[in-house]
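Q: One structure, pasted below without further comment.
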Amino acid sequence: MTSKLKIPDYDDVYVGGDADLFMENNKPLAATAQTAFLEGINIGKNILRRINGKEEKDFHYSHKGTLIVLGSKHGIFTYKNINFDGKLAWYLRHLVYKLRFKQIT
């Protein structure tokens, strides 16, 4: 796959999410929803750039942190050097996802 999330030799075909294996710094990116979401944004913007006759941009992954739910009322939060778990992480994860889905819809 190319740095613009295209299949080599097929300039009109983009690939992202579970269908790709994107390497950055000689390591594969984790196959997570966060990675797929960011790839999708890049692909969508590149399609619009191409339609408008502009140069497409390379994909660069930027980790936004980790929010994990473990059972009921327990979670894990990591962002840069900030790490904590427990009920607060569980509430934060639910808050972030509610706000995120509100933006998408």
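Each chain in the structure tokens gets a letter, A, B and so on, in the order shown; residues start at 1 in every chain, and ligands are counted from 1 in the order they appear.
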Env of Lys4 in chain A: 6 Å cut, atoms = only C-alpha atoms, seq-sep filter 2 positions within chain, self excluded. Answer as a list of chain:residue names.
A: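 Once the nearby chain positions are removed, what remains is A:Thr2, A:Lys6, A:Asp58, A:Phe59.
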Q: If you count only C-alpha atoms, which residues fall within 10 Å of Ala36 in chain A, apart from same-chain ones fewer than 2 positions away, as a ChimeraX atom specification?
A: /A:15-20,29-34,38-42
Q: Residues of chain A in strand (DSSP E or B) according to DSSP, as a PyMOL selection string?
A: chain A and resi 6-7+10-14+23-24+27-28+66-69+75-79+82-86
Q: Put those residues in a file: C-alpha atoms, as a compact mmCIF listing (two decimals), in the first residue's frame.
A:
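Written file, part.txt:
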```txt
# COMPACT_ATOMS: atom_id res chain seq x y z
CA LYS A 6 -3.75 3.30 -2.31
CA ILE A 7 -3.01 -0.08 -3.80
CA TYR A 10 -4.15 1.00 -9.04
CA ASP A 11 -4.26 4.77 -8.70
CA ASP A 12 -8.06 4.84 -8.32
CA VAL A 13 -8.29 2.27 -5.50
CA TYR A 14 -7.94 3.30 -1.86
CA MET A 23 3.54 0.44 7.85
CA GLU A 24 4.88 3.51 9.63
CA LYS A 27 6.08 -1.17 12.03
CA PRO A 28 2.47 -2.06 11.19
CA THR A 66 -6.63 4.87 24.61
CA LEU A 67 -9.98 4.47 26.36
CA ILE A 68 -11.03 0.95 27.30
CA VAL A 69 -14.07 -0.35 29.16
CA GLY A 75 -12.01 1.41 32.48
CA ILE A 76 -8.48 2.32 31.44
CA PHE A 77 -7.34 5.72 30.16
CA THR A 78 -3.98 6.53 28.56
CA TYR A 79 -2.91 9.72 26.82
CA ILE A 82 -1.25 10.33 31.71
CA ASN A 83 -2.53 6.90 32.80
CA PHE A 84 -5.31 5.93 35.18
CA ASP A 85 -8.01 3.33 35.61
CA GLY A 86 -11.19 2.68 37.52
```
Q: Set the distance at 7 Å and use only C-alpha atoms: which residues neighbour Asn46 in chain A once local chain neighbours fewer than 3 positions away are removed? I'd like the list as a PyMOL selection string.
A: chain A and resi 42-43+49-50+56-57
Q: Show me, as a short mmCIF file (atom, residue, chain, number, x, y, z; two decimals) with C-alpha atoms, in the first residue's frame, the residues that have an atom within 6 Å of His74 in chain A when counting only C-alpha atoms, minus same-chain residues fewer than 4 positions from it.
A:
```
data_model
loop_
_atom_site.label_atom_id
_atom_site.label_comp_id
_atom_site.auth_asym_id
_atom_site.auth_seq_id
_atom_site.Cartn_x
_atom_site.Cartn_y
_atom_site.Cartn_z
CA LEU A 70 -13.50 -3.40 31.35
CA GLY A 86 -11.19 2.68 37.52
CA LYS A 87 -14.61 4.28 37.55
CA TRP A 90 -15.10 4.31 32.59
#
```
Q: Just to confirm, what's the straight-line distance from CA of Leu5 in chain A to CA of Lys98 in chain A in Å (one decimal)?
A: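 It comes out at 28.8 Å.
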Q: What is the distance between CA of Leu21 in chain A and CA of Gly65 in chain A, in Å to one decimal?
A: 20.5 Å
Q: Would you compute the distance between CA of Ser62 in chain A and CA of Ile47 in chain A? Give it in Å to one decimal.
A: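 These atoms are spaced 20.5 Å apart.
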Q: Please return as a ChimeraX atom specification: the residues of chain A that backbone DSSP assigns to alpha helix (DSSP H).
A: /A:33-51,87-104
